[in-house]
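Here's start-v3.csv, which has CSV, C-alpha atoms:
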chain,number,residue,atom,x,y,z
A,11,MET,CA,70.1,14.2,94.9
A,12,ALA,CA,71.3,13.8,91.3
A,13,PRO,CA,68.7,13.6,88.6
A,14,PRO,CA,67.9,10.0,87.6
A,15,LYS,CA,69.9,8.5,84.8
A,16,SER,CA,66.8,8.1,82.7
A,17,LEU,CA,66.1,11.9,82.7
A,18,LEU,CA,69.8,12.7,82.1
A,19,ARG,CA,69.8,10.4,79.1
A,20,LEU,CA,66.7,12.0,77.6
A,21,ALA,CA,67.9,15.5,78.2
A,22,GLY,CA,71.4,14.6,76.8
A,23,ARG,CA,69.8,13.1,73.7
A,24,ALA,CA,67.7,16.1,73.1
A,25,ILE,CA,70.6,18.5,73.6
A,26,GLY,CA,72.7,16.4,71.2
A,27,ASP,CA,70.0,15.9,68.5
A,28,PHE,CA,69.2,19.6,68.4
A,29,GLU,CA,72.8,21.0,69.1
A,30,MET,CA,71.4,23.0,72.1
A,31,ILE,CA,74.6,23.7,74.1
A,32,ARG,CA,77.9,24.9,72.7
A,33,PRO,CA,81.2,25.5,74.4
A,34,GLY,CA,81.3,28.9,76.2
A,35,ASP,CA,77.5,29.3,76.2
A,36,ARG,CA,76.0,31.5,78.9
A,37,ILE,CA,72.6,29.9,79.6
A,38,LEU,CA,69.8,31.7,81.5
A,39,LEU,CA,67.2,29.4,82.8
A,40,GLY,CA,63.6,30.6,83.1
A,41,LEU,CA,62.6,29.4,86.6
A,42,SER,CA,58.9,29.5,87.6
A,43,GLY,CA,59.4,27.4,90.7
A,44,GLY,CA,57.3,24.6,89.2
A,45,LYS,CA,58.6,21.0,89.2
A,46,ASP,CA,59.7,21.2,85.5
A,47,SER,CA,61.9,24.3,85.7
A,48,LEU,CA,63.4,23.2,89.1
A,49,GLY,CA,64.1,19.8,87.7
A,50,LEU,CA,65.8,21.3,84.6
A,51,LEU,CA,67.9,23.5,86.9
A,52,HIS,CA,69.4,20.4,88.5
A,53,ILE,CA,69.8,18.6,85.2
A,54,LEU,CA,71.8,21.6,83.8
A,55,LEU,CA,73.9,21.8,86.9
A,56,HIS,CA,74.7,18.1,86.7
A,57,MET,CA,75.7,18.4,83.1
A,58,GLN,CA,77.7,21.4,83.8
A,59,ALA,CA,79.7,19.4,86.4
A,60,HIS,CA,80.2,16.3,84.3
A,61,ALA,CA,80.0,17.3,80.6
A,62,PRO,CA,83.3,17.9,78.7
A,63,LEU,CA,82.2,21.2,77.4
A,64,ARG,CA,82.1,24.3,79.6
A,65,PHE,CA,79.1,26.6,79.9
A,66,GLU,CA,77.6,28.9,82.5
A,67,VAL,CA,74.2,28.9,84.1
A,68,GLY,CA,72.1,31.8,85.5
A,69,VAL,CA,68.5,31.9,86.7
A,70,ALA,CA,65.7,34.4,86.1
A,71,THR,CA,62.2,34.4,87.4
A,72,VAL,CA,59.3,36.5,86.3
A,73,ASP,CA,56.6,37.5,88.8
A,74,PRO,CA,53.6,38.4,86.6
A,75,GLY,CA,51.5,39.8,89.5
A,76,ILE,CA,49.2,36.8,89.9
A,77,ASP,CA,47.4,36.5,93.3
A,78,GLY,CA,48.8,33.6,95.2
A,79,TYR,CA,52.1,33.3,93.3
A,80,GLU,CA,55.1,34.3,95.4
A,81,PRO,CA,58.5,33.5,93.9
A,82,ALA,CA,60.7,35.2,96.6
A,83,PRO,CA,61.7,31.9,98.3
A,84,LEU,CA,63.5,30.9,95.1
A,85,ARG,CA,66.2,33.5,95.5
A,86,PRO,CA,67.9,32.0,98.6
A,87,TYR,CA,67.5,28.5,97.1
A,88,VAL,CA,69.2,29.5,93.8
A,89,GLU,CA,71.9,31.6,95.4
A,90,ALA,CA,72.8,28.7,97.8
A,91,LEU,CA,73.6,26.8,94.6
A,92,GLY,CA,76.1,29.5,93.8
A,93,LEU,CA,74.1,30.9,90.8
A,94,PRO,CA,73.1,34.4,89.9
A,95,PHE,CA,69.4,35.0,90.3
A,96,PHE,CA,67.3,37.7,88.6
A,97,LEU,CA,63.8,38.5,89.7
A,98,GLU,CA,61.6,40.6,87.5
A,99,ARG,CA,58.2,41.8,88.7
A,100,GLN,CA,55.8,43.1,86.1
A,101,ALA,CA,52.0,43.4,86.1
A,102,VAL,CA,51.4,41.0,83.3
A,103,VAL,CA,47.9,40.1,84.6
A,104,LYS,CA,46.9,43.7,84.7
A,105,LEU,CA,48.3,44.3,81.2
A,106,ALA,CA,46.4,41.2,79.9
A,107,LEU,CA,43.1,42.6,81.1
A,108,THR,CA,43.6,45.9,79.2
A,109,SER,CA,45.6,44.7,76.1
A,110,MET,CA,44.7,41.1,75.4
A,111,GLN,CA,42.9,40.6,72.0
A,112,GLY,CA,41.9,37.3,70.5
A,113,ASP,CA,44.2,35.3,72.8
A,114,SER,CA,44.0,33.2,75.9
A,115,PHE,CA,45.3,34.5,79.1
A,116,CYS,CA,47.8,31.7,79.3
A,117,ALA,CA,49.2,32.3,75.8
A,118,PHE,CA,49.4,36.1,76.5
A,119,CYS,CA,51.1,35.6,79.8
A,120,ALA,CA,53.6,33.0,78.3
A,121,ARG,CA,54.5,35.4,75.5
A,122,MET,CA,55.0,38.3,77.9
A,123,ARG,CA,57.1,36.3,80.3
A,124,ARG,CA,59.3,35.1,77.4
A,125,GLY,CA,59.8,38.7,76.2
A,126,ILE,CA,60.9,39.7,79.7
A,127,LEU,CA,63.3,36.8,79.9
A,128,TYR,CA,64.7,37.8,76.5
A,129,ARG,CA,65.4,41.3,77.9
A,130,VAL,CA,67.0,40.0,81.1
A,131,ALA,CA,69.2,37.6,79.0
A,132,ARG,CA,70.4,40.5,76.8
A,133,GLU,CA,71.0,42.9,79.7
A,134,GLN,CA,73.0,40.3,81.7
A,135,GLY,CA,75.0,39.0,78.8
A,136,TYR,CA,73.5,35.5,78.3
A,137,ASN,CA,73.3,34.1,74.8
A,138,VAL,CA,70.9,31.2,75.5
A,139,LEU,CA,67.6,31.0,77.2
A,140,ALA,CA,66.5,27.6,78.6
A,141,LEU,CA,62.8,26.8,79.0
A,142,ALA,CA,61.4,23.7,80.8
A,143,GLN,CA,58.6,22.5,78.5
A,144,HIS,CA,58.6,18.7,78.2
A,145,LEU,CA,57.3,16.2,75.7
A,146,ASP,CA,53.7,16.3,77.2
A,147,ASP,CA,53.7,20.1,76.6
A,148,LEU,CA,54.9,19.7,73.0
A,149,ALA,CA,52.3,17.0,72.3
A,150,GLU,CA,49.5,19.2,73.7
A,151,SER,CA,50.6,22.1,71.6
A,152,PHE,CA,50.8,19.9,68.6
A,153,LEU,CA,47.2,18.7,68.9
A,154,MET,CA,45.9,22.2,69.8
A,155,SER,CA,47.5,23.6,66.7
A,156,ILE,CA,45.9,20.9,64.5
A,157,PHE,CA,42.5,21.1,66.2
A,158,HIS,CA,42.2,24.9,66.4
A,159,GLY,CA,44.7,26.3,64.0
A,160,GLY,CA,44.7,23.9,61.1
A,161,ARG,CA,48.5,23.7,61.2
A,162,LEU,CA,51.1,21.1,61.8
A,163,LYS,CA,53.1,23.0,64.5
A,164,THR,CA,54.5,22.6,68.0
A,165,MET,CA,57.1,24.3,70.2
A,166,LYS,CA,60.6,24.3,68.8
A,167,ALA,CA,63.2,22.4,70.7
A,168,HIS,CA,65.9,24.9,69.6
A,169,TYR,CA,65.5,28.2,67.7
A,170,ARG,CA,67.1,31.6,67.3
A,171,THR,CA,65.0,34.7,68.1
A,172,ASP,CA,64.0,37.0,65.3
A,173,ALA,CA,66.7,39.5,66.5
A,174,GLY,CA,69.3,36.8,66.0
A,175,ASP,CA,71.2,37.4,69.2
A,176,LEU,CA,69.6,34.7,71.4
A,177,ARG,CA,69.0,31.0,71.1
A,178,VAL,CA,66.1,29.4,73.0
A,179,ILE,CA,66.4,25.7,74.0
A,180,ARG,CA,64.1,23.2,75.6
A,181,PRO,CA,66.3,20.4,76.9
A,182,LEU,CA,63.3,18.5,78.3
A,183,ALA,CA,61.7,18.0,74.9
A,184,TYR,CA,62.0,14.2,75.1
A,185,ALA,CA,61.2,13.9,78.8
A,186,ARG,CA,57.7,13.1,80.2
A,187,GLU,CA,55.9,15.1,82.7
A,188,ARG,CA,55.5,12.2,85.1
A,189,GLN,CA,59.3,11.8,85.2
A,190,MET,CA,59.7,15.4,86.3
A,191,THR,CA,57.0,14.9,89.0
A,192,ASP,CA,58.8,11.8,90.3
A,193,PHE,CA,62.2,13.6,90.4
A,194,ALA,CA,60.8,16.6,92.2
A,195,ALA,CA,59.2,14.5,94.8
A,196,ALA,CA,62.2,12.2,95.3
A,197,ALA,CA,64.7,15.1,95.5
A,198,GLY,CA,62.5,17.2,97.8
A,199,LEU,CA,62.7,20.2,95.4
A,200,PRO,CA,61.0,23.3,96.8
A,201,VAL,CA,58.2,23.3,94.3
A,202,ILE,CA,55.8,26.2,94.2
A,203,HIS,CA,52.9,23.9,93.4
A,204,ASP,CA,50.3,26.4,92.3
A,205,ASN,CA,52.8,28.6,90.4
A,206,CYS,CA,50.1,30.0,88.0
A,207,PRO,CA,46.8,30.0,89.9
A,208,ALA,CA,45.0,31.9,87.3
A,209,CYS,CA,45.5,29.1,84.8
A,210,PHE,CA,44.0,26.5,87.1
A,211,ARG,CA,40.9,28.3,88.3
A,212,VAL,CA,38.9,27.2,85.2
A,213,PRO,CA,39.5,24.3,82.8
A,214,THR,CA,41.6,25.4,79.8
A,215,GLU,CA,41.8,23.9,76.4
A,216,ARG,CA,45.3,22.6,77.3
A,217,VAL,CA,43.8,20.8,80.3
A,218,ARG,CA,41.2,19.2,78.0
A,219,VAL,CA,43.8,18.1,75.5
A,220,LYS,CA,46.0,16.7,78.4
A,221,GLU,CA,43.0,14.6,79.5
A,222,LEU,CA,42.4,13.4,75.9
A,223,LEU,CA,46.1,12.3,75.6
A,224,ALA,CA,46.0,10.6,79.0
A,225,GLY,CA,42.9,8.6,77.9
A,226,GLU,CA,44.6,7.6,74.6
A,227,GLU,CA,47.8,6.6,76.3
A,228,ARG,CA,45.9,4.2,78.6
A,229,ARG,CA,44.8,2.4,75.4
A,230,ASP,CA,48.3,2.6,73.8
A,231,ASP,CA,51.4,2.9,75.9
A,232,LYS,CA,53.5,3.8,72.8
A,233,LEU,CA,51.4,6.9,72.0
A,234,PHE,CA,54.0,9.5,73.0
A,235,GLY,CA,56.7,7.7,71.0
A,236,SER,CA,54.5,7.9,67.9
A,237,LEU,CA,53.8,11.6,68.6
A,238,LEU,CA,57.5,12.4,69.0
A,239,SER,CA,58.2,10.7,65.7
A,240,ALA,CA,55.5,12.8,64.1
A,241,MET,CA,56.6,16.1,65.8
A,242,ARG,CA,60.4,15.8,65.5
A,243,PRO,CA,60.6,17.4,62.0
A,244,LEU,CA,58.6,20.3,63.4
A,245,MET,CA,60.7,20.8,66.5
A,246,LYS,CA,63.9,22.0,64.7
A,247,GLY,CA,64.2,25.8,64.4
A,248,ASN,CA,66.7,28.0,62.7
A,249,TYR,CA,69.7,28.0,65.0
Re-express the file's structure as structure tokens.
Amino acid sequence: MAPPKSLLRLAGRAIGDFEMIRPGDRILLGLSGGKDSLGLLHILLHMQAHAPLRFEVGVATVDPGIDGYEPAPLRPYVEALGLPFFLERQAVVKLALTSMQGDSFCAFCARMRRGILYRVAREQGYNVLALAQHLDDLAESFLMSIFHGGRLKTMKAHYRTDAGDLRVIRPLAYARERQMTDFAAAAGLPVIHDNCPACFRVPTERVRVKELLAGEERRDDKLFGSLLSAMRPLMKGNY
């Protein structure tokens, strides 16, 4: 099932606005098995088949050693699509328990996973890493940064790593989480629903902010459009 036109338009607009994909790019997608990364996989494949510019797609999954998370079924699914698949198993949870200082588990795990994905991209010759955070994620990060960091900051839609050799893109930066949920259900994507059990065992600050935004959106259905307008200048990195 092809991604809905509404999602393709939003992803295409974000890709265009932030110049995310260039001719000849080799894009490595970070695939957790959740609805967002699986949906982005199919959006990229659709664009690869229909866009005038040529680019390659590969897939990498990080298994951080969380009880209940088993990404092995992703391999036959991805390889059936004709794509290279790289599975990295590292004990991120164990490392967090011994090394984490002044950080949340989720933030530590995300940073570690991203570092592993950078390494895989370099080793396998990819110059772009695609991540599946959507507009809801960016809005939550924006408010958390204001509330707890005193800074106007959110995730970048496109940036170059400090080493300068990789670009990181978030093609779903304009898409809503509910759109990804609907697409995954309609397409029957093989979602690993509890793909980070440790993050859902207790309420996190991100969950509280998500609930806050949901309540505000019920009062104002234009809320996320306003948030996007406020965040857009903060979303552009150095690329």
Open item on the list: Just want the 9 Å neighbourhood of stretch 170-184 of chain A, counted on all atoms listed in the file, with same-chain residues fewer than 4 positions away dropped. Output as a count of residues only.
Closed with: 36
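The gap separating atom CA of A:Arg36 from atom CA of A:Glu66 is 4.7 Å, in Å to one decimal.
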Open item on the list: Residues near A:Leu84, anyone? I mean within 9 Å using all atoms listed in the file, not counting same-chain ones fewer than 2 positions away, as a PyMOL selection string.
Closed with: chain A and resi 41-43+71+81-82+86-89+95+200
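The residue that comes closest to A:Leu237, out of A:Leu153, A:Phe65, A:Pro33, A:Gln100 and on the basis of all atoms listed in the file, is A:Leu153.
Atom CA of A:Ser155 lies 18.1 Å from atom CA of A:Cys119.
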Take every atom of stretch 189-204 of chain A listed in the file, fit an axis-aligned box around them, add 3 Å per side, and give the centre and edge lengths in Å to one decimal as AutoDock Vina command-line options.
--center_x 57.5 --center_y 19.1 --center_z 91.5 --size_x 20.4 --size_y 20.6 --size_z 18.6
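Here the question is which of A:Ser16, A:Thr214, A:Ser47, A:Thr108 gets nearest to A:Ala194 using all atoms listed in the file, and that residue is A:Ser47.
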Open item on the list: Restricting the calculation to all atoms listed in the file: of A:Val219, A:Val67, A:Ala149, A:Pro74, which residue gets closest to A:Leu233?
Closed with: A:Ala149
File contents for stretch 17-30 of chain A with N, CA, C and O atoms as a JSON list (two decimals), in the first residue's frame:
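Okay, this is what ended up in out_34.json:
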[["chain", "number", "residue", "atom", "x", "y", "z"],
["A", 17, "LEU", "N", 0.52, 12.47, 3.43],
["A", 17, "LEU", "CA", 1.83, 12.24, 4.04],
["A", 17, "LEU", "C", 2.95, 12.52, 3.06],
["A", 17, "LEU", "O", 3.97, 13.11, 3.41],
["A", 18, "LEU", "N", 2.77, 12.07, 1.82],
["A", 18, "LEU", "CA", 3.80, 12.30, 0.81],
["A", 18, "LEU", "C", 4.01, 13.79, 0.57],
["A", 18, "LEU", "O", 5.14, 14.25, 0.39],
["A", 19, "ARG", "N", 2.92, 14.54, 0.58],
["A", 19, "ARG", "CA", 3.04, 15.99, 0.37],
["A", 19, "ARG", "C", 3.81, 16.64, 1.51],
["A", 19, "ARG", "O", 4.69, 17.48, 1.29],
["A", 20, "LEU", "N", 3.49, 16.26, 2.74],
["A", 20, "LEU", "CA", 4.18, 16.85, 3.89],
["A", 20, "LEU", "C", 5.66, 16.48, 3.91],
["A", 20, "LEU", "O", 6.52, 17.33, 4.16],
["A", 21, "ALA", "N", 5.95, 15.21, 3.63],
["A", 21, "ALA", "CA", 7.35, 14.79, 3.60],
["A", 21, "ALA", "C", 8.08, 15.48, 2.45],
["A", 21, "ALA", "O", 9.22, 15.95, 2.61],
["A", 22, "GLY", "N", 7.43, 15.57, 1.30],
["A", 22, "GLY", "CA", 8.05, 16.23, 0.15],
["A", 22, "GLY", "C", 8.32, 17.69, 0.42],
["A", 22, "GLY", "O", 9.37, 18.24, 0.03],
["A", 23, "ARG", "N", 7.39, 18.35, 1.12],
["A", 23, "ARG", "CA", 7.58, 19.77, 1.44],
["A", 23, "ARG", "C", 8.74, 19.95, 2.41],
["A", 23, "ARG", "O", 9.56, 20.86, 2.24],
["A", 24, "ALA", "N", 8.80, 19.09, 3.44],
["A", 24, "ALA", "CA", 9.91, 19.21, 4.39],
["A", 24, "ALA", "C", 11.25, 18.94, 3.71],
["A", 24, "ALA", "O", 12.23, 19.65, 3.94],
["A", 25, "ILE", "N", 11.29, 17.92, 2.86],
["A", 25, "ILE", "CA", 12.52, 17.59, 2.14],
["A", 25, "ILE", "C", 12.95, 18.77, 1.27],
["A", 25, "ILE", "O", 14.14, 19.12, 1.21],
["A", 26, "GLY", "N", 11.97, 19.40, 0.61],
["A", 26, "GLY", "CA", 12.30, 20.54, -0.24],
["A", 26, "GLY", "C", 12.71, 21.77, 0.55],
["A", 26, "GLY", "O", 13.69, 22.44, 0.22],
["A", 27, "ASP", "N", 11.95, 22.08, 1.61],
["A", 27, "ASP", "CA", 12.23, 23.28, 2.40],
["A", 27, "ASP", "C", 13.62, 23.24, 3.02],
["A", 27, "ASP", "O", 14.29, 24.28, 3.14],
["A", 28, "PHE", "N", 14.05, 22.04, 3.45],
["A", 28, "PHE", "CA", 15.32, 21.92, 4.15],
["A", 28, "PHE", "C", 16.40, 21.22, 3.30],
["A", 28, "PHE", "O", 17.44, 20.83, 3.84],
["A", 29, "GLU", "N", 16.14, 21.07, 2.00],
["A", 29, "GLU", "CA", 17.12, 20.53, 1.06],
["A", 29, "GLU", "C", 17.72, 19.21, 1.58],
["A", 29, "GLU", "O", 18.94, 19.03, 1.62],
["A", 30, "MET", "N", 16.85, 18.28, 1.96],
["A", 30, "MET", "CA", 17.31, 17.07, 2.64],
["A", 30, "MET", "C", 17.96, 16.04, 1.74],
["A", 30, "MET", "O", 18.92, 15.37, 2.14]]
